[in-house]
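Text of model-v3.json (JSON, C-alpha atoms) as supplied:
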[["chain", "number", "residue", "atom", "x", "y", "z"],
["A", 1185, "MET", "CA", -8.02, 36.07, -14.12],
["A", 1186, "HIS", "CA", -4.84, 34.31, -15.17],
["A", 1187, "VAL", "CA", -2.84, 31.43, -13.75],
["A", 1188, "SER", "CA", 0.91, 31.84, -13.50],
["A", 1189, "LEU", "CA", 3.32, 29.34, -14.99],
["A", 1190, "PRO", "CA", 4.62, 28.16, -11.58],
["A", 1191, "VAL", "CA", 1.06, 27.38, -10.50],
["A", 1192, "MET", "CA", 0.45, 25.44, -13.72],
["A", 1193, "PHE", "CA", 3.64, 23.50, -13.15],
["A", 1194, "VAL", "CA", 2.66, 22.53, -9.61],
["A", 1195, "VAL", "CA", -0.82, 21.46, -10.74],
["A", 1196, "THR", "CA", 0.72, 19.30, -13.46],
["A", 1197, "LEU", "CA", 3.06, 17.61, -11.01],
["A", 1198, "LEU", "CA", 0.18, 16.88, -8.66],
["A", 1199, "MET", "CA", -1.96, 15.39, -11.43],
["A", 1200, "THR", "CA", 0.72, 13.34, -13.18],
["A", 1201, "GLY", "CA", 3.07, 12.44, -10.37],
["A", 1202, "LEU", "CA", 1.01, 12.12, -7.22],
["A", 1203, "VAL", "CA", -2.36, 10.83, -8.44],
["A", 1204, "ARG", "CA", -2.25, 7.08, -8.92],
["A", 1205, "PRO", "CA", -5.09, 4.58, -9.13],
["A", 1206, "ALA", "CA", -5.25, 2.37, -6.04],
["A", 1207, "ALA", "CA", -3.83, -1.10, -6.59],
["A", 1208, "ALA", "CA", -6.43, -3.88, -6.32],
["A", 1209, "THR", "CA", -5.78, -6.55, -3.71],
["A", 1210, "PRO", "CA", -8.13, -9.51, -4.30],
["A", 1211, "ILE", "CA", -8.08, -12.03, -1.49],
["A", 1212, "SER", "CA", -6.51, -15.49, -1.79],
["A", 1213, "TYR", "CA", -7.38, -17.46, 1.33],
["A", 1214, "SER", "CA", -6.25, -21.03, 1.92],
["A", 1215, "GLU", "CA", -7.21, -23.08, 4.96],
["A", 1216, "SER", "CA", -3.92, -24.97, 4.75],
["A", 1217, "VAL", "CA", -2.07, -21.70, 5.27],
["A", 1218, "SER", "CA", -4.36, -19.50, 7.37],
["A", 1219, "GLY", "CA", -6.38, -21.99, 9.41],
["A", 1220, "ASP", "CA", -9.79, -23.65, 9.34],
["A", 1221, "LEU", "CA", -12.95, -21.64, 8.67],
["A", 1222, "GLY", "CA", -15.88, -21.61, 11.09],
["A", 1223, "GLU", "CA", -18.83, -23.98, 11.27],
["A", 1224, "ASP", "CA", -21.79, -21.70, 11.94],
["A", 1225, "LEU", "CA", -23.26, -18.25, 11.40],
["A", 1226, "PRO", "CA", -22.60, -15.50, 12.18],
["A", 1227, "ALA", "CA", -19.29, -16.36, 10.56],
["A", 1228, "PRO", "CA", -16.17, -15.23, 12.43],
["A", 1229, "THR", "CA", -14.36, -14.85, 9.08],
["A", 1230, "VAL", "CA", -15.59, -12.04, 6.79],
["A", 1231, "PHE", "CA", -13.59, -11.50, 3.61],
["A", 1232, "ALA", "CA", -13.48, -8.03, 2.02],
["A", 1233, "LEU", "CA", -13.50, -8.70, -1.73],
["A", 1234, "ASP", "CA", -11.56, -6.48, -4.11],
["A", 1235, "LEU", "CA", -11.28, -5.91, -7.85],
["A", 1236, "GLY", "CA", -10.25, -9.07, -9.71],
["A", 1237, "VAL", "CA", -10.66, -12.77, -8.91],
["A", 1238, "ASN", "CA", -10.91, -13.50, -5.17],
["A", 1239, "THR", "CA", -10.45, -17.10, -4.00],
["A", 1240, "VAL", "CA", -11.24, -19.13, -0.88],
["A", 1241, "SER", "CA", -9.97, -22.73, -0.75],
["A", 1242, "GLY", "CA", -10.01, -25.54, 1.77],
["A", 1243, "THR", "CA", -11.37, -28.99, 2.59],
["A", 1244, "ILE", "CA", -14.77, -30.22, 3.80],
["A", 1245, "HIS", "CA", -15.56, -33.67, 5.13],
["A", 1246, "PHE", "CA", -18.30, -35.87, 6.54],
["A", 1247, "PHE", "CA", -17.67, -39.03, 8.55],
["A", 1248, "ILE", "CA", -19.84, -41.37, 10.67],
["A", 1249, "ASP", "CA", -18.02, -44.03, 12.68],
["A", 1250, "GLN", "CA", -19.23, -47.45, 13.85],
["A", 1251, "ASP", "CA", -20.84, -45.87, 16.92],
["A", 1252, "VAL", "CA", -22.75, -43.42, 14.71],
["A", 1253, "HIS", "CA", -20.72, -40.44, 15.90],
["A", 1254, "ALA", "CA", -20.55, -37.76, 13.23],
["A", 1255, "ASP", "CA", -17.46, -35.70, 12.36],
["A", 1256, "VAL", "CA", -18.44, -32.83, 10.05],
["A", 1257, "ASP", "CA", -16.41, -29.95, 8.61],
["A", 1258, "VAL", "CA", -18.64, -27.53, 6.69],
["A", 1259, "ASP", "CA", -16.55, -24.29, 6.35],
["A", 1260, "VAL", "CA", -18.87, -21.32, 6.83],
["A", 1261, "TYR", "CA", -17.76, -17.80, 5.99],
["A", 1262, "ALA", "CA", -19.04, -14.38, 4.92],
["A", 1263, "PHE", "CA", -17.81, -11.81, 2.43],
["A", 1264, "SER", "CA", -18.39, -8.11, 1.83],
["A", 1265, "VAL", "CA", -18.62, -6.27, -1.49],
["A", 1266, "PRO", "CA", -17.49, -2.62, -1.20],
["A", 1267, "VAL", "CA", -19.45, 0.28, -2.67],
["A", 1268, "GLY", "CA", -18.39, 0.81, -6.29],
["A", 1269, "LEU", "CA", -17.75, -2.90, -6.94],
["A", 1270, "VAL", "CA", -19.97, -5.77, -8.02],
["A", 1271, "VAL", "CA", -19.57, -9.58, -8.10],
["A", 1272, "THR", "CA", -20.14, -10.70, -11.69],
["A", 1273, "ASN", "CA", -19.36, -14.42, -11.37],
["A", 1274, "VAL", "CA", -19.13, -17.07, -8.63],
["A", 1275, "SER", "CA", -17.72, -20.55, -9.29],
["A", 1276, "TYR", "CA", -17.10, -23.62, -7.13],
["A", 1277, "ALA", "CA", -14.35, -26.06, -8.10],
["A", 1278, "PHE", "CA", -14.05, -29.33, -6.21],
["A", 1279, "ALA", "CA", -12.22, -32.65, -6.13],
["A", 1280, "THR", "CA", -13.56, -35.58, -4.10],
["A", 1281, "GLY", "CA", -10.92, -37.12, -1.88],
["A", 1282, "PRO", "CA", -10.78, -40.32, 0.21],
["A", 1283, "ILE", "CA", -14.05, -42.23, 0.61],
["A", 1284, "VAL", "CA", -14.81, -44.39, 3.64],
["A", 1285, "GLY", "CA", -17.28, -47.25, 3.37],
["A", 1286, "ASN", "CA", -19.97, -46.84, 0.75],
["A", 1287, "PRO", "CA", -21.57, -43.38, 0.63],
["A", 1288, "ALA", "CA", -24.75, -43.06, -1.40],
["A", 1289, "ALA", "CA", -24.33, -42.22, -5.07],
["A", 1290, "ASP", "CA", -26.34, -39.03, -4.61],
["A", 1291, "ASP", "CA", -24.25, -37.48, -1.80],
["A", 1292, "GLN", "CA", -24.66, -33.75, -2.14],
["A", 1293, "VAL", "CA", -23.75, -30.45, -0.54],
["A", 1294, "SER", "CA", -26.33, -27.66, -0.69],
["A", 1295, "PHE", "CA", -24.90, -24.14, -0.49],
["A", 1296, "LEU", "CA", -27.10, -21.34, 0.83],
["A", 1297, "LEU", "CA", -26.28, -17.74, -0.08],
["A", 1298, "GLY", "CA", -27.37, -15.51, 2.78],
["A", 1299, "ASN", "CA", -27.99, -11.78, 2.71],
["A", 1300, "GLY", "CA", -25.89, -10.62, 5.65],
["A", 1301, "ASN", "CA", -23.78, -12.45, 8.21],
["A", 1302, "ALA", "CA", -26.54, -14.25, 10.09],
["A", 1303, "PHE", "CA", -28.20, -17.65, 9.99],
["A", 1304, "PRO", "CA", -30.04, -17.65, 6.63],
["A", 1305, "SER", "CA", -33.78, -17.40, 6.54],
["A", 1306, "ILE", "CA", -35.70, -19.94, 4.47],
["A", 1307, "PRO", "CA", -35.66, -19.53, 1.56],
["A", 1308, "PRO", "CA", -32.18, -17.94, 1.46],
["A", 1309, "LEU", "CA", -31.14, -15.27, -1.01],
["A", 1310, "ALA", "CA", -30.49, -17.79, -3.78],
["A", 1311, "GLY", "CA", -33.86, -19.52, -3.58],
["A", 1312, "SER", "CA", -33.74, -22.93, -1.92],
["A", 1313, "GLY", "CA", -29.96, -23.25, -2.22],
["A", 1314, "GLN", "CA", -27.75, -24.73, -4.92],
["A", 1315, "GLU", "CA", -26.89, -28.41, -4.69],
["A", 1316, "ILE", "CA", -23.57, -29.89, -5.76],
["A", 1317, "ASP", "CA", -23.22, -33.63, -6.38],
["A", 1318, "LEU", "CA", -19.66, -34.28, -5.27],
["A", 1319, "PHE", "CA", -19.44, -37.60, -7.13],
["A", 1320, "ASN", "CA", -21.26, -36.88, -10.38],
["A", 1321, "ASP", "CA", -21.23, -33.15, -11.16],
["A", 1322, "THR", "CA", -18.51, -31.65, -13.33],
["A", 1323, "SER", "CA", -16.17, -29.19, -11.64],
["A", 1324, "PRO", "CA", -16.22, -26.18, -11.62],
["A", 1325, "VAL", "CA", -19.87, -25.21, -11.20],
["A", 1326, "VAL", "CA", -21.25, -21.70, -11.75],
["A", 1327, "MET", "CA", -23.00, -20.73, -8.51],
["A", 1328, "PHE", "CA", -25.96, -18.47, -7.70],
["A", 1329, "ALA", "CA", -26.33, -17.32, -11.31],
["A", 1330, "SER", "CA", -29.89, -16.07, -10.75],
["A", 1331, "GLN", "CA", -28.64, -13.68, -8.07],
["A", 1332, "LEU", "CA", -25.76, -12.20, -10.05],
["A", 1333, "PRO", "CA", -24.49, -9.56, -10.11],
["A", 1334, "LEU", "CA", -24.14, -9.11, -6.35],
["A", 1335, "SER", "CA", -24.05, -5.43, -5.43],
["A", 1336, "ALA", "CA", -22.42, -3.78, -2.40],
["A", 1337, "GLY", "CA", -23.24, -5.50, 0.88],
["A", 1338, "THR", "CA", -22.41, -8.48, 3.09],
["A", 1339, "TYR", "CA", -23.24, -12.07, 2.16],
["A", 1340, "SER", "CA", -22.70, -15.49, 3.74],
["A", 1341, "ILE", "CA", -21.97, -18.98, 2.42],
["A", 1342, "PHE", "CA", -23.54, -21.79, 4.45],
["A", 1343, "PRO", "CA", -23.17, -25.47, 3.35],
["A", 1344, "LEU", "CA", -25.61, -28.25, 4.24],
["A", 1345, "PHE", "CA", -24.80, -31.93, 3.66],
["A", 1346, "LEU", "CA", -27.69, -33.85, 2.07],
["A", 1347, "ALA", "CA", -27.44, -37.62, 1.66],
["A", 1348, "ASP", "CA", -28.84, -41.00, 2.65],
["A", 1349, "ARG", "CA", -26.01, -43.26, 3.73],
["A", 1350, "GLY", "CA", -25.39, -46.94, 4.22],
["A", 1351, "GLU", "CA", -24.16, -48.74, 7.30],
["A", 1352, "PRO", "CA", -21.35, -46.92, 9.14],
["A", 1353, "PRO", "CA", -18.55, -46.28, 8.90],
["A", 1354, "VAL", "CA", -19.16, -44.03, 5.90],
["A", 1355, "GLY", "CA", -17.74, -40.71, 4.83],
["A", 1356, "TRP", "CA", -15.74, -38.64, 2.39],
["A", 1357, "THR", "CA", -13.56, -35.56, 2.00],
["A", 1358, "ALA", "CA", -13.51, -32.96, -0.75],
["A", 1359, "ASP", "CA", -11.12, -30.15, -1.61],
["A", 1360, "TYR", "CA", -12.77, -26.99, -2.90],
["A", 1361, "ARG", "CA", -12.00, -23.57, -4.33],
["A", 1362, "TRP", "CA", -14.48, -20.68, -4.44],
["A", 1363, "SER", "CA", -13.78, -17.94, -7.00],
["A", 1364, "PHE", "CA", -15.48, -14.53, -6.92],
["A", 1365, "THR", "CA", -14.95, -12.29, -9.94],
["A", 1366, "VAL", "CA", -15.32, -8.62, -8.97],
["A", 1367, "ALA", "CA", -15.67, -5.69, -11.39],
["A", 1368, "PRO", "CA", -16.15, -1.92, -10.94],
["A", 1369, "THR", "CA", -19.56, -0.29, -11.13],
["A", 1370, "THR", "CA", -18.41, 3.35, -11.07],
["A", 1371, "THR", "CA", -16.50, 5.48, -13.57],
["A", 1372, "PRO", "CA", -12.85, 4.44, -13.40],
["A", 1373, "VAL", "CA", -10.17, 6.85, -12.22],
["A", 1374, "PRO", "CA", -8.32, 8.41, -15.22],
["A", 1375, "GLU", "CA", -5.20, 6.51, -16.13],
["A", 1376, "PRO", "CA", -1.81, 8.21, -15.64],
["A", 1377, "ALA", "CA", -1.37, 8.56, -19.41],
["A", 1378, "SER", "CA", -4.57, 10.59, -19.67],
["A", 1379, "LEU", "CA", -3.49, 12.78, -16.78],
["A", 1380, "VAL", "CA", -0.14, 13.40, -18.47],
["A", 1381, "LEU", "CA", -1.91, 14.64, -21.61],
["A", 1382, "LEU", "CA", -4.17, 16.91, -19.60],
["A", 1383, "GLY", "CA", -1.27, 18.25, -17.58],
["A", 1384, "SER", "CA", 0.80, 18.86, -20.69],
["A", 1385, "GLY", "CA", -2.05, 20.82, -22.23],
["A", 1386, "LEU", "CA", -2.32, 23.01, -19.18],
["A", 1387, "MET", "CA", 1.43, 23.62, -19.21],
["A", 1388, "CYS", "CA", 1.37, 24.62, -22.89],
["A", 1389, "ALA", "CA", -1.51, 27.02, -22.28],
["A", 1390, "GLY", "CA", 0.29, 28.54, -19.32],
["A", 1391, "THR", "CA", 3.59, 28.83, -21.19],
["A", 1392, "GLY", "CA", 1.92, 30.56, -24.15],
["A", 1393, "ARG", "CA", 0.27, 33.11, -21.88],
["A", 1394, "TRP", "CA", 3.57, 33.72, -20.05],
["A", 1395, "ARG", "CA", 5.39, 34.35, -23.33],
["A", 1396, "THR", "CA", 2.67, 36.73, -24.49],
["A", 1397, "ARG", "CA", 2.95, 38.73, -21.30],
["A", 1398, "ARG", "CA", 6.77, 38.93, -21.67],
["A", 1399, "LYS", "CA", 6.48, 40.31, -25.23],
["A", 1400, "ALA", "CA", 3.91, 42.84, -24.15],
["A", 1401, "ALA", "CA", 6.21, 44.00, -21.36]]
As C-alpha coordinates, how would this structure be written, given the file I've shared?
Amino acid sequence: MHVSLPVMFVVTLLMTGLVRPAAATPISYSESVSGDLGEDLPAPTVFALDLGVNTVSGTIHFFIDQDVHADVDVDVYAFSVPVGLVVTNVSYAFATGPIVGNPAADDQVSFLLGNGNAFPSIPPLAGSGQEIDLFNDTSPVVMFASQLPLSAGTYSIFPLFLADRGEPPVGWTADYRWSFTVAPTTTPVPEPASLVLLGSGLMCAGTGRWRTRRKAA
(Lines of atoms letter the chains of each structure in order from A and count residues from 1; the text may use other names and numbers.)
(Lines give C-alpha, C1' and ligand atoms only; values in the text may rest on other atoms or scores of the structure.)
Protein backbone atom coordinates (compact mmCIF):
# COMPACT_ATOMS: atom_id res chain seq x y z
CA MET A 1 0.00 0.00 0.00
CA HIS A 2 1.31 3.42 -0.95
CA VAL A 3 0.16 6.95 -0.24
CA SER A 4 0.07 9.39 -3.14
CA LEU A 5 1.82 12.74 -3.02
CA PRO A 6 -1.44 14.75 -3.04
CA VAL A 7 -2.65 12.81 0.00
CA MET A 8 0.65 13.46 1.80
CA PHE A 9 0.35 17.14 0.98
CA VAL A 10 -3.17 17.37 2.39
CA VAL A 11 -2.15 15.53 5.57
CA THR A 12 0.77 17.91 6.04
CA LEU A 13 -1.46 20.95 5.65
CA LEU A 14 -3.90 19.56 8.20
CA MET A 15 -1.16 18.84 10.72
CA THR A 16 0.84 22.06 10.33
CA GLY A 17 -1.80 24.57 9.38
CA LEU A 18 -5.02 23.56 11.07
CA VAL A 19 -3.89 21.94 14.32
CA ARG A 20 -3.18 24.57 16.94
CA PRO A 21 -2.96 24.23 20.71
CA ALA A 22 -5.92 25.87 22.44
CA ALA A 23 -5.10 29.25 23.96
CA ALA A 24 -5.33 29.33 27.76
CA THR A 25 -7.74 31.83 29.26
CA PRO A 26 -7.09 32.14 33.02
CA ILE A 27 -9.74 34.14 34.82
CA SER A 28 -9.16 37.63 36.23
CA TYR A 29 -12.20 38.60 38.28
CA SER A 30 -12.51 41.93 40.08
CA GLU A 31 -15.47 42.89 42.25
CA SER A 32 -15.00 46.54 41.33
CA VAL A 33 -15.61 45.65 37.69
CA SER A 34 -17.95 42.65 37.71
CA GLY A 35 -19.94 43.06 40.92
CA ASP A 36 -19.94 41.76 44.48
CA LEU A 37 -19.54 38.04 45.21
CA GLY A 38 -22.10 36.10 47.25
CA GLU A 39 -22.28 35.63 51.00
CA ASP A 40 -23.22 31.97 51.42
CA LEU A 41 -22.97 28.49 49.94
CA PRO A 42 -23.87 27.13 47.51
CA ALA A 43 -22.05 29.98 45.82
CA PRO A 44 -23.82 31.59 42.86
CA THR A 45 -20.42 32.37 41.30
CA VAL A 46 -18.36 29.37 40.11
CA PHE A 47 -15.12 30.20 38.31
CA ALA A 48 -13.74 27.76 35.72
CA LEU A 49 -9.96 27.92 36.18
CA ASP A 50 -7.63 27.60 33.22
CA LEU A 51 -3.92 27.12 32.57
CA GLY A 52 -1.83 29.90 34.12
CA VAL A 53 -2.43 32.22 37.08
CA ASN A 54 -6.12 32.84 37.82
CA THR A 55 -7.05 35.74 40.10
CA VAL A 56 -10.08 36.81 42.14
CA SER A 57 -9.94 40.22 43.85
CA GLY A 58 -12.29 42.32 45.94
CA THR A 59 -12.97 43.79 49.37
CA ILE A 60 -14.26 42.29 52.62
CA HIS A 61 -15.42 44.21 55.67
CA PHE A 62 -16.84 43.86 59.17
CA PHE A 63 -18.62 46.65 61.03
CA ILE A 64 -20.70 46.86 64.24
CA ASP A 65 -22.46 50.16 64.91
CA GLN A 66 -23.48 51.74 68.22
CA ASP A 67 -26.72 49.73 68.22
CA VAL A 68 -24.75 46.49 67.77
CA HIS A 69 -26.01 45.99 64.22
CA ALA A 70 -23.50 44.05 62.14
CA ASP A 71 -22.61 44.79 58.52
CA VAL A 72 -20.52 41.93 57.10
CA ASP A 73 -19.15 41.29 53.60
CA VAL A 74 -17.49 37.86 53.39
CA ASP A 75 -17.25 37.10 49.61
CA VAL A 76 -18.01 33.42 49.08
CA TYR A 77 -17.33 31.72 45.76
CA ALA A 78 -16.53 28.36 44.17
CA PHE A 79 -14.13 27.28 41.44
CA SER A 80 -13.79 24.27 39.17
CA VAL A 81 -10.60 22.57 37.98
CA PRO A 82 -11.04 20.89 34.57
CA VAL A 83 -9.85 17.37 33.82
CA GLY A 84 -6.22 17.48 32.67
CA LEU A 85 -5.32 20.45 34.89
CA VAL A 86 -4.19 20.76 38.50
CA VAL A 87 -3.86 23.67 40.96
CA THR A 88 -0.24 23.76 42.14
CA ASN A 89 -0.30 26.92 44.28
CA VAL A 90 -2.86 29.13 46.05
CA SER A 91 -1.93 32.49 47.58
CA TYR A 92 -3.87 35.22 49.38
CA ALA A 93 -2.62 38.81 49.22
CA PHE A 94 -4.30 41.43 51.39
CA ALA A 95 -4.09 45.04 52.52
CA THR A 96 -6.01 46.26 55.57
CA GLY A 97 -8.00 49.39 54.88
CA PRO A 98 -9.89 51.86 57.10
CA ILE A 99 -10.33 50.85 60.75
CA VAL A 100 -13.26 52.03 62.86
CA GLY A 101 -12.95 52.21 66.63
CA ASN A 102 -10.49 49.79 68.18
CA PRO A 103 -10.65 46.24 66.80
CA ALA A 104 -8.81 43.58 68.75
CA ALA A 105 -5.18 43.02 67.82
CA ASP A 106 -5.92 39.41 66.92
CA ASP A 107 -8.71 40.05 64.37
CA GLN A 108 -8.62 37.16 61.96
CA VAL A 109 -10.37 35.65 58.97
CA SER A 110 -10.50 31.86 58.75
CA PHE A 111 -10.85 30.48 55.22
CA LEU A 112 -12.43 27.06 54.74
CA LEU A 113 -11.70 25.10 51.57
CA GLY A 114 -14.73 22.99 50.74
CA ASN A 115 -14.92 19.96 48.48
CA GLY A 116 -17.81 20.89 46.21
CA ASN A 117 -20.16 23.87 46.10
CA ALA A 118 -22.06 23.27 49.33
CA PHE A 119 -21.83 24.41 52.92
CA PRO A 120 -18.58 22.84 54.17
CA SER A 121 -18.68 19.97 56.58
CA ILE A 122 -16.57 20.18 59.73
CA PRO A 123 -13.69 19.71 59.37
CA PRO A 124 -13.51 21.10 55.82
CA LEU A 125 -11.15 19.82 53.14
CA ALA A 126 -8.21 21.82 54.49
CA GLY A 127 -8.47 20.60 58.07
CA SER A 128 -9.92 23.17 60.46
CA GLY A 129 -9.42 26.09 58.08
CA GLN A 130 -6.53 28.49 57.58
CA GLU A 131 -6.50 31.67 59.64
CA ILE A 132 -5.18 35.00 58.40
CA ASP A 133 -4.32 37.79 60.85
CA LEU A 134 -5.21 40.88 58.85
CA PHE A 135 -3.16 43.19 61.08
CA ASN A 136 -0.05 41.13 61.80
CA ASP A 137 0.51 38.52 59.08
CA THR A 138 2.72 39.28 56.09
CA SER A 139 1.00 39.39 52.71
CA PRO A 140 0.80 37.28 50.58
CA VAL A 141 0.15 34.02 52.41
CA VAL A 142 0.41 30.56 50.83
CA MET A 143 -2.95 28.88 51.37
CA PHE A 144 -4.04 25.25 51.81
CA ALA A 145 -0.52 23.91 51.20
CA SER A 146 -1.33 20.53 52.77
CA GLN A 147 -4.08 19.99 50.21
CA LEU A 148 -2.06 20.88 47.12
CA PRO A 149 -2.09 19.97 44.34
CA LEU A 150 -5.85 20.19 43.80
CA SER A 151 -6.98 17.79 41.10
CA ALA A 152 -10.02 18.05 38.81
CA GLY A 153 -13.23 18.90 40.65
CA THR A 154 -15.22 21.72 42.24
CA TYR A 155 -14.12 23.53 45.39
CA SER A 156 -15.46 26.41 47.50
CA ILE A 157 -13.91 29.24 49.49
CA PHE A 158 -15.84 30.21 52.63
CA PRO A 159 -14.51 32.93 55.01
CA LEU A 160 -15.35 33.16 58.72
CA PHE A 161 -14.51 36.24 60.81
CA LEU A 162 -12.95 35.37 64.18
CA ALA A 163 -12.31 38.12 66.72
CA ASP A 164 -13.17 39.53 70.13
CA ARG A 165 -13.97 43.20 69.81
CA GLY A 166 -14.21 46.23 72.04
CA GLU A 167 -17.11 48.59 72.51
CA PRO A 168 -18.92 49.49 69.26
CA PRO A 169 -18.58 51.05 66.86
CA VAL A 170 -15.75 48.83 65.64
CA GLY A 171 -14.81 47.47 62.25
CA TRP A 172 -12.40 47.30 59.35
CA THR A 173 -12.10 46.71 55.62
CA ALA A 174 -9.51 44.73 53.68
CA ASP A 175 -8.69 44.45 49.99
CA TYR A 176 -7.67 40.98 48.85
CA ARG A 177 -6.42 39.07 45.83
CA TRP A 178 -6.60 35.28 45.47
CA SER A 179 -4.17 33.70 42.99
CA PHE A 180 -4.54 30.12 41.71
CA THR A 181 -1.63 28.72 39.70
CA VAL A 182 -2.84 26.00 37.32
CA ALA A 183 -0.62 23.55 35.43
CA PRO A 184 -1.31 20.63 33.05
CA THR A 185 -1.38 17.03 34.24
CA THR A 186 -1.61 15.35 30.82
CA THR A 187 0.85 15.06 27.94
CA PRO A 188 0.93 18.42 26.15
CA VAL A 189 -0.26 18.78 22.57
CA PRO A 190 2.72 18.80 20.14
CA GLU A 191 3.90 22.28 19.33
CA PRO A 192 3.47 23.59 15.76
CA ALA A 193 7.24 23.37 15.17
CA SER A 194 7.22 19.65 15.93
CA LEU A 195 4.26 19.14 13.63
CA VAL A 196 6.07 20.99 10.84
CA LEU A 197 9.04 18.62 11.15
CA LEU A 198 6.79 15.58 11.09
CA GLY A 199 4.83 16.90 8.14
CA SER A 200 8.00 17.73 6.23
CA GLY A 201 9.28 14.21 6.78
CA LEU A 202 6.10 12.73 5.42
CA MET A 203 6.28 15.00 2.38
CA CYS A 204 9.88 13.99 1.67
CA ALA A 205 8.99 10.31 1.93
CA GLY A 206 6.04 10.78 -0.38
CA THR A 207 8.05 12.81 -2.90
CA GLY A 208 10.81 10.19 -3.01
CA ARG A 209 8.32 7.41 -3.68
CA TRP A 210 6.63 9.50 -6.39
CA ARG A 211 9.94 10.13 -8.14
CA THR A 212 10.83 6.44 -7.98
CA ARG A 213 7.54 5.51 -9.59
CA ARG A 214 8.08 8.08 -12.38
CA LYS A 215 11.54 6.65 -13.21
CA ALA A 216 10.19 3.14 -13.24
CA ALA A 217 7.45 4.21 -15.64
Counting only C-alpha atoms, which residues in stretch 1306-1376 of chain A sit no more than 8 Å from stretch 1225-1236 of chain A? For each one, give the nearest pair of atoms and the distance in Å, sorted by chain then residue number, as JSON lines.
{"residue": "A:Ser1340", "atom": "CA", "partner": "A:Ala1227", "partner_atom": "CA", "distance": 7.7}
{"residue": "A:Phe1342", "atom": "CA", "partner": "A:Leu1225", "partner_atom": "CA", "distance": 7.8}
{"residue": "A:Thr1365", "atom": "CA", "partner": "A:Gly1236", "partner_atom": "CA", "distance": 5.7}
{"residue": "A:Val1366", "atom": "CA", "partner": "A:Leu1235", "partner_atom": "CA", "distance": 5.0}
{"residue": "A:Ala1367", "atom": "CA", "partner": "A:Leu1235", "partner_atom": "CA", "distance": 5.6}
{"residue": "A:Pro1368", "atom": "CA", "partner": "A:Leu1235", "partner_atom": "CA", "distance": 7.0}
Quiz item: By how many Å are atom CA of A:Asn1320 and atom CA of A:Pro1307 apart?
Solution: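 Answer for the atom CA of A:Asn1320 to atom CA of A:Pro1307 separation: 25.5 Å.
Atom to atom, atom CA of A:Phe1345 and atom CA of A:Glu1223 stand 12.5 Å apart.
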Exercise. Quick one: pull the distance between atom CA of A:Leu1344 and atom CA of A:Asp1291, Å, one decimal.
Key: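 These atoms are spaced 11.1 Å apart.
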Quiz item: Quick one: residues within 6 Å of stretch 1266-1276 of chain A, only C-alpha atoms counted, chain neighbours fewer than 6 positions away excluded, as a PyMOL selection string?
Solution: chain A and resi 1324-1327+1333-1336+1361-1370
Practice problem: For A:Phe1247, please output as a list of chain:residue names all residues within 6 Å (counting all atoms listed in the file; exclusion window: fewer than 5 positions along the same chain). | Solution: A:Ala1254, A:Asp1255, A:Val1354, A:Gly1355
Exercise. Would you please work out which residue, of A:Gly1285, A:Gly1311, A:Pro1304, A:Pro1343, is nearest to A:Val1258 when using all atoms listed in the file?
Key: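 Closest to A:Val1258 of all the choices is A:Pro1343.
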Incomplete stretch 1209-1230 of chain A brought to N, CA and C atoms, written out as a tab-separated table (two decimals), in the coordinates of the input:
chain	number	residue	atom	x	y	z
A	1209	THR	N	-6.35	-5.46	-4.51
A	1209	THR	CA	-5.78	-6.55	-3.71
A	1209	THR	C	-6.84	-7.62	-3.47
A	1210	PRO	N	-7.17	-8.42	-4.50
A	1210	PRO	CA	-8.13	-9.51	-4.30
A	1210	PRO	C	-7.59	-10.51	-3.30
A	1211	ILE	N	-8.50	-11.10	-2.53
A	1211	ILE	CA	-8.08	-12.03	-1.49
A	1211	ILE	C	-7.73	-13.39	-2.10
A	1212	SER	N	-6.85	-14.12	-1.42
A	1212	SER	CA	-6.51	-15.49	-1.79
A	1212	SER	C	-6.31	-16.25	-0.49
A	1213	TYR	N	-7.40	-16.82	0.02
A	1213	TYR	CA	-7.38	-17.46	1.33
A	1213	TYR	C	-7.31	-18.98	1.17
A	1214	SER	N	-6.39	-19.58	1.92
A	1214	SER	CA	-6.25	-21.03	1.92
A	1214	SER	C	-6.27	-21.54	3.34
A	1215	GLU	N	-7.15	-22.51	3.61
A	1215	GLU	CA	-7.21	-23.08	4.96
A	1215	GLU	C	-5.88	-23.73	5.37
A	1216	SER	N	-5.18	-24.31	4.43
A	1216	SER	CA	-3.92	-24.97	4.75
A	1216	SER	C	-2.86	-24.00	5.23
A	1217	VAL	N	-3.03	-22.72	4.88
A	1217	VAL	CA	-2.07	-21.70	5.27
A	1217	VAL	C	-2.57	-20.88	6.45
A	1218	SER	N	-3.83	-20.47	6.40
A	1218	SER	CA	-4.36	-19.50	7.37
A	1218	SER	C	-5.29	-20.09	8.42
A	1219	GLY	N	-5.55	-21.38	8.39
A	1219	GLY	CA	-6.38	-21.99	9.41
A	1219	GLY	C	-7.79	-22.30	8.94
A	1220	ASP	N	-8.46	-23.16	9.71
A	1220	ASP	CA	-9.79	-23.65	9.34
A	1220	ASP	C	-10.84	-22.56	9.48
A	1221	LEU	N	-11.82	-22.56	8.59
A	1221	LEU	CA	-12.95	-21.64	8.67
A	1221	LEU	C	-13.94	-22.12	9.72
A	1222	GLY	N	-14.91	-21.27	10.06
A	1222	GLY	CA	-15.88	-21.61	11.09
A	1222	GLY	C	-16.91	-22.63	10.63
A	1223	GLU	N	-17.82	-22.97	11.56
A	1223	GLU	CA	-18.83	-23.98	11.27
A	1223	GLU	C	-20.25	-23.47	11.41
A	1224	ASP	N	-20.43	-22.20	11.73
A	1224	ASP	CA	-21.79	-21.70	11.94
A	1224	ASP	C	-21.83	-20.20	11.69
A	1225	LEU	N	-23.04	-19.69	11.56
A	1225	LEU	CA	-23.26	-18.25	11.40
A	1225	LEU	C	-23.73	-17.66	12.73
A	1226	PRO	N	-23.39	-16.40	13.02
A	1226	PRO	CA	-22.60	-15.50	12.18
A	1226	PRO	C	-21.15	-15.96	12.05
A	1227	ALA	N	-20.63	-15.87	10.84
A	1227	ALA	CA	-19.29	-16.36	10.56
A	1227	ALA	C	-18.23	-15.46	11.19
A	1228	PRO	N	-17.25	-16.05	11.87
A	1228	PRO	CA	-16.17	-15.23	12.43
A	1228	PRO	C	-15.24	-14.68	11.36
A	1229	THR	N	-15.22	-15.30	10.18
A	1229	THR	CA	-14.36	-14.85	9.08
A	1229	THR	C	-15.20	-14.14	8.03
A	1230	VAL	N	-14.90	-12.84	7.80
A	1230	VAL	CA	-15.59	-12.04	6.79
A	1230	VAL	C	-14.53	-11.49	5.84
